[in-house]
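A short worksheet on the structure shown next.
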Amino acid sequence: MDSTFTLLDLGWQAYFQQQLSLDDLESNRIARICSQQENRFELVGEFGFFTLENHPDLPRMVVGDWVITDNDHGFLRLLESRSNFENIASNIDTVFLMCALNEDFNINVIKRYLALTHEAQADAVVVLTKADTCEEAAEKRAQVEKLDPLLIVETVNALDAKSLRCLSPLLKKGKTIALLGAVGSGKSALINTLMTPTEDGKAQTMIGESGVLKILPSGAILLDTPFMRELQLTEFDGSAIADFADLIALAKQCRFSDCRHDGEPGCAIKNAVMNDRLDAQRAANFLLLHNEDDSDQVTRSKPQEKFYRSAQSDVRARKHSSAE
């Protein structure tokens, strides 16, 4: 494990430099938190790695924070962060918002991830994956671009390094990036491809034992905590309620009060799709939001795909029967 890093390697920027005192520059040490355990933090700086015991007197800190210590690694103070996902991670420059170009494509979910990223004061880039399998990639990309004329939107095949060259301007040395997206959006595939050694032999470098922070071959820093990977949109915000008010009312007509709209008898939403009173894709988008608070991570995206395919199959079967 390489323990020799410059502050610039670790993501140091002028914003943090401006917070330093003369004593900090002459006598103290600067370090970044690279992993967090229940009772301790692991930090890294120009002098290598060290740990800091967590205790009630410390401020609330997360992976990505910069701290000032004395020469004996005693905590002095926490520097103000540029961006912050509360209780999860800080000082992320750019967030790649991942969305697959398949049945899981959902413009409302992208809107909400954008709002979450802007609230954290990080830059957002929408990365639409599985473009190689989608015939409507250009149309779906246009939908996302309409959200904000300044928003960067890229369509990629996360398994193809050449396809990811469009992201190169965002992967500059010392820039910290993170990924957000639902299960199946291609986060793991993108990470694996970005970490592949380049033709000149440059490979990713793990910062610390946990591997939460990694320096990619480009020099960018990937912040990949389990909490960021698992972060889901768990609440119906005001816009979602407005968008699906009619479906929320319709769901109350289901035979069972706890209907998941996933094949149960007497499902009012599925019946509405079968009778051409409700668009199948819109119903599937509602189902994705409806199940975002499920404790089983896998089921957060799979029911939507299952519902959509089932509804479409029922509609086709009914139309075929009518034609005969």
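By convention here, the chains of the structure tokens are called A, B, ... in the order presented, each chain's residues are numbered starting at 1, and ligands are numbered starting at 1 in the order presented.
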
Residues near Ala203 of chain A, anyone? I mean within 12 Å using only C-alpha atoms, not counting same-chain ones fewer than 5 positions away, as a PyMOL selection string.
chain A and resi 192-198+214-220

Just-selected residues, all heavy atoms written as a tab-separated table (two decimals), in the first residue's frame:
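Just written: again-v7.tsv:
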chain	number	residue	atom	x	y	z
A	192	ASN	N	-15.50	-0.33	-11.96
A	192	ASN	CA	-14.51	-1.32	-12.40
A	192	ASN	C	-13.79	-0.88	-13.67
A	192	ASN	O	-12.58	-1.09	-13.82
A	192	ASN	CB	-15.19	-2.67	-12.62
A	192	ASN	CG	-15.65	-3.31	-11.32
A	192	ASN	OD1	-15.12	-2.99	-10.25
A	192	ASN	ND2	-16.63	-4.19	-11.41
A	193	THR	N	-14.53	-0.28	-14.59
A	193	THR	CA	-13.92	0.17	-15.84
A	193	THR	C	-12.99	1.36	-15.60
A	193	THR	O	-11.90	1.44	-16.17
A	193	THR	CB	-15.00	0.54	-16.88
A	193	THR	OG1	-15.87	-0.58	-17.07
A	193	THR	CG2	-14.37	0.91	-18.22
A	194	LEU	N	-13.41	2.29	-14.75
A	194	LEU	CA	-12.58	3.45	-14.46
A	194	LEU	C	-11.29	3.06	-13.75
A	194	LEU	O	-10.26	3.73	-13.90
A	194	LEU	CB	-13.35	4.45	-13.59
A	194	LEU	CG	-14.50	5.21	-14.24
A	194	LEU	CD1	-15.19	6.10	-13.23
A	194	LEU	CD2	-14.03	6.03	-15.43
A	195	MET	N	-11.32	1.97	-12.98
A	195	MET	CA	-10.14	1.55	-12.24
A	195	MET	C	-9.20	0.68	-13.06
A	195	MET	O	-8.11	0.33	-12.61
A	195	MET	CB	-10.56	0.79	-10.98
A	195	MET	CG	-11.26	1.66	-9.95
A	195	MET	SD	-11.38	0.89	-8.32
A	195	MET	CE	-12.21	-0.64	-8.70
A	196	THR	N	-9.58	0.33	-14.27
A	196	THR	CA	-8.73	-0.48	-15.13
A	196	THR	C	-7.46	0.29	-15.49
A	196	THR	O	-7.53	1.46	-15.87
A	196	THR	CB	-9.47	-0.86	-16.42
A	196	THR	OG1	-10.65	-1.58	-16.09
A	196	THR	CG2	-8.59	-1.73	-17.31
A	197	PRO	N	-6.27	-0.32	-15.36
A	197	PRO	CA	-5.03	0.38	-15.70
A	197	PRO	C	-5.05	0.91	-17.12
A	197	PRO	O	-5.60	0.29	-18.03
A	197	PRO	CB	-3.96	-0.71	-15.53
A	197	PRO	CG	-4.57	-1.67	-14.55
A	197	PRO	CD	-6.04	-1.67	-14.85
A	198	THR	N	-4.45	2.07	-17.31
A	198	THR	CA	-4.40	2.68	-18.64
A	198	THR	C	-3.29	2.04	-19.46
A	198	THR	O	-2.49	1.25	-18.97
A	198	THR	CB	-4.15	4.19	-18.51
A	198	THR	OG1	-2.92	4.40	-17.82
A	198	THR	CG2	-5.28	4.86	-17.74
A	214	LYS	N	-10.13	5.94	-3.36
A	214	LYS	CA	-9.21	5.36	-4.34
A	214	LYS	C	-8.78	6.45	-5.31
A	214	LYS	O	-9.60	7.26	-5.74
A	214	LYS	CB	-9.89	4.24	-5.13
A	214	LYS	CG	-10.43	3.09	-4.30
A	214	LYS	CD	-11.11	2.06	-5.20
A	214	LYS	CE	-11.71	0.92	-4.39
A	214	LYS	NZ	-12.90	1.37	-3.62
A	215	ILE	N	-7.49	6.46	-5.64
A	215	ILE	CA	-7.01	7.37	-6.67
A	215	ILE	C	-7.05	6.60	-7.99
A	215	ILE	O	-6.37	5.59	-8.15
A	215	ILE	CB	-5.59	7.85	-6.37
A	215	ILE	CG1	-5.57	8.62	-5.05
A	215	ILE	CG2	-5.08	8.75	-7.50
A	215	ILE	CD1	-4.19	9.12	-4.65
A	216	LEU	N	-7.87	7.09	-8.92
A	216	LEU	CA	-8.02	6.43	-10.21
A	216	LEU	C	-6.79	6.69	-11.08
A	216	LEU	O	-6.00	7.59	-10.80
A	216	LEU	CB	-9.28	6.95	-10.90
A	216	LEU	CG	-10.60	6.74	-10.13
A	216	LEU	CD1	-11.76	7.38	-10.90
A	216	LEU	CD2	-10.86	5.26	-9.91
A	217	PRO	N	-6.62	5.92	-12.14
A	217	PRO	CA	-5.48	6.14	-13.04
A	217	PRO	C	-5.39	7.58	-13.56
A	217	PRO	O	-4.30	8.07	-13.83
A	217	PRO	CB	-5.75	5.15	-14.18
A	217	PRO	CG	-6.49	4.03	-13.53
A	217	PRO	CD	-7.37	4.70	-12.51
A	218	SER	N	-6.53	8.26	-13.66
A	218	SER	CA	-6.54	9.64	-14.14
A	218	SER	C	-6.05	10.63	-13.09
A	218	SER	O	-5.76	11.79	-13.40
A	218	SER	CB	-7.96	10.04	-14.55
A	218	SER	OG	-8.81	10.07	-13.40
A	219	GLY	N	-5.98	10.18	-11.83
A	219	GLY	CA	-5.61	11.08	-10.74
A	219	GLY	C	-6.80	11.56	-9.94
A	219	GLY	O	-6.64	12.16	-8.87
A	220	ALA	N	-8.02	11.34	-10.46
A	220	ALA	CA	-9.23	11.69	-9.70
A	220	ALA	C	-9.37	10.74	-8.52
A	220	ALA	O	-8.86	9.62	-8.52
A	220	ALA	CB	-10.45	11.61	-10.59

Can you write out as a tab-separated table which residues of segment 63-85 of chain A fall within 10 Å of segment 29-49 of chain A, alongside each residue's closest atom pair and its distance in Å to one decimal, counting only C-alpha atoms and ordering rows by chain and ascending residue number?
residue	atom	partner	partner_atom	distance
A:Val63	CA	A:Ile33	CA	5.1
A:Gly64	CA	A:Ile33	CA	5.4
A:Asp65	CA	A:Ile33	CA	5.5
A:Trp66	CA	A:Arg32	CA	4.4
A:Val67	CA	A:Ala31	CA	5.6
A:Ile68	CA	A:Ile30	CA	4.9
A:Thr69	CA	A:Arg29	CA	5.2
A:Asp70	CA	A:Arg29	CA	5.9
A:Asn71	CA	A:Arg29	CA	6.4
A:Asp72	CA	A:Arg29	CA	9.2
A:His73	CA	A:Arg29	CA	7.8
A:Gly74	CA	A:Arg29	CA	9.6
A:Phe75	CA	A:Arg29	CA	9.7
A:Leu76	CA	A:Arg29	CA	9.6
A:Leu78	CA	A:Arg32	CA	10.0
A:Leu79	CA	A:Ile30	CA	9.7

Would you mind writing down, as a ChimeraX atom specification, each residue of segment 41-240 of chain A that DSSP on the backbone assigns to alpha helix (DSSP H)?
/A:107-119,137-145,187-194,226-230,238-240

Pull the strand (DSSP E) assignments for segment 89-168 of chain A out of DSSP run on the backbone, and list those residues as a PyMOL selection string.
chain A and resi 89-90+94-100+123-129+152-155

Measuring atom to atom with only C-alpha atoms, identify which of A:Asp148, A:Asp224, A:Glu139, A:Asp9 is nearest to Ala89 of chain A.
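Going through A:Asp148, A:Asp224, A:Glu139, A:Asp9 one by one, the smallest distance to Ala89 of chain A is for A:Asp224.
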
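For the set A:Asp258, A:Glu80, A:Glu86, A:Asp132, the residue with the smallest atom-to-atom gap to Leu101 of chain A is A:Asp132, counting only C-alpha atoms.
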
Can you list, as a short mmCIF file (atom, residue, chain, number, x, y, z; two decimals) with N, CA, C and O atoms, in the first residue's frame, every protein, DNA or RNA residue that comes within 9 Å of Leu114 of chain A when you count only C-alpha atoms, leaving out same-chain residues fewer than 5 positions away?
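That gives us out_33.cif:
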data_model
loop_
_atom_site.label_atom_id
_atom_site.label_comp_id
_atom_site.auth_asym_id
_atom_site.auth_seq_id
_atom_site.Cartn_x
_atom_site.Cartn_y
_atom_site.Cartn_z
N LEU A 97 -24.64 10.91 -11.41
CA LEU A 97 -25.98 10.38 -11.16
C LEU A 97 -26.28 9.33 -12.21
O LEU A 97 -26.48 9.64 -13.38
N VAL A 109 -37.05 10.30 -10.81
CA VAL A 109 -36.00 9.89 -9.90
C VAL A 109 -34.73 10.70 -10.17
O VAL A 109 -34.03 11.11 -9.24
N GLU A 119 -28.49 20.11 -3.05
CA GLU A 119 -28.61 20.43 -1.63
C GLU A 119 -27.28 20.20 -0.91
O GLU A 119 -26.93 20.93 0.02
N ALA A 124 -23.36 18.05 -10.27
CA ALA A 124 -24.02 16.83 -10.72
C ALA A 124 -23.80 16.62 -12.22
O ALA A 124 -23.87 17.57 -13.01
N VAL A 125 -23.53 15.39 -12.58
CA VAL A 125 -23.44 14.97 -13.98
C VAL A 125 -24.30 13.72 -14.12
O VAL A 125 -24.12 12.76 -13.37
N VAL A 126 -25.24 13.74 -15.05
CA VAL A 126 -26.10 12.57 -15.26
C VAL A 126 -25.41 11.64 -16.25
O VAL A 126 -25.04 12.05 -17.35
#

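Relative to atom CA of Leu190 of chain A, atom CA of Ala100 of chain A is found at 11.7 Å.
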
Please provide the set of residues having any atom within 9 Å of segment 151-153 of chain A, restricted to only C-alpha atoms, with same-chain residues fewer than 5 positions apart removed, written as a PyMOL selection string.
chain A and resi 124-128+141-142+144-146

Contact residues around Val95 of chain A with only C-alpha atoms at 7 Å, ignoring same-chain residues under 4 positions, as a PyMOL selection string
chain A and resi 122-125+177-180
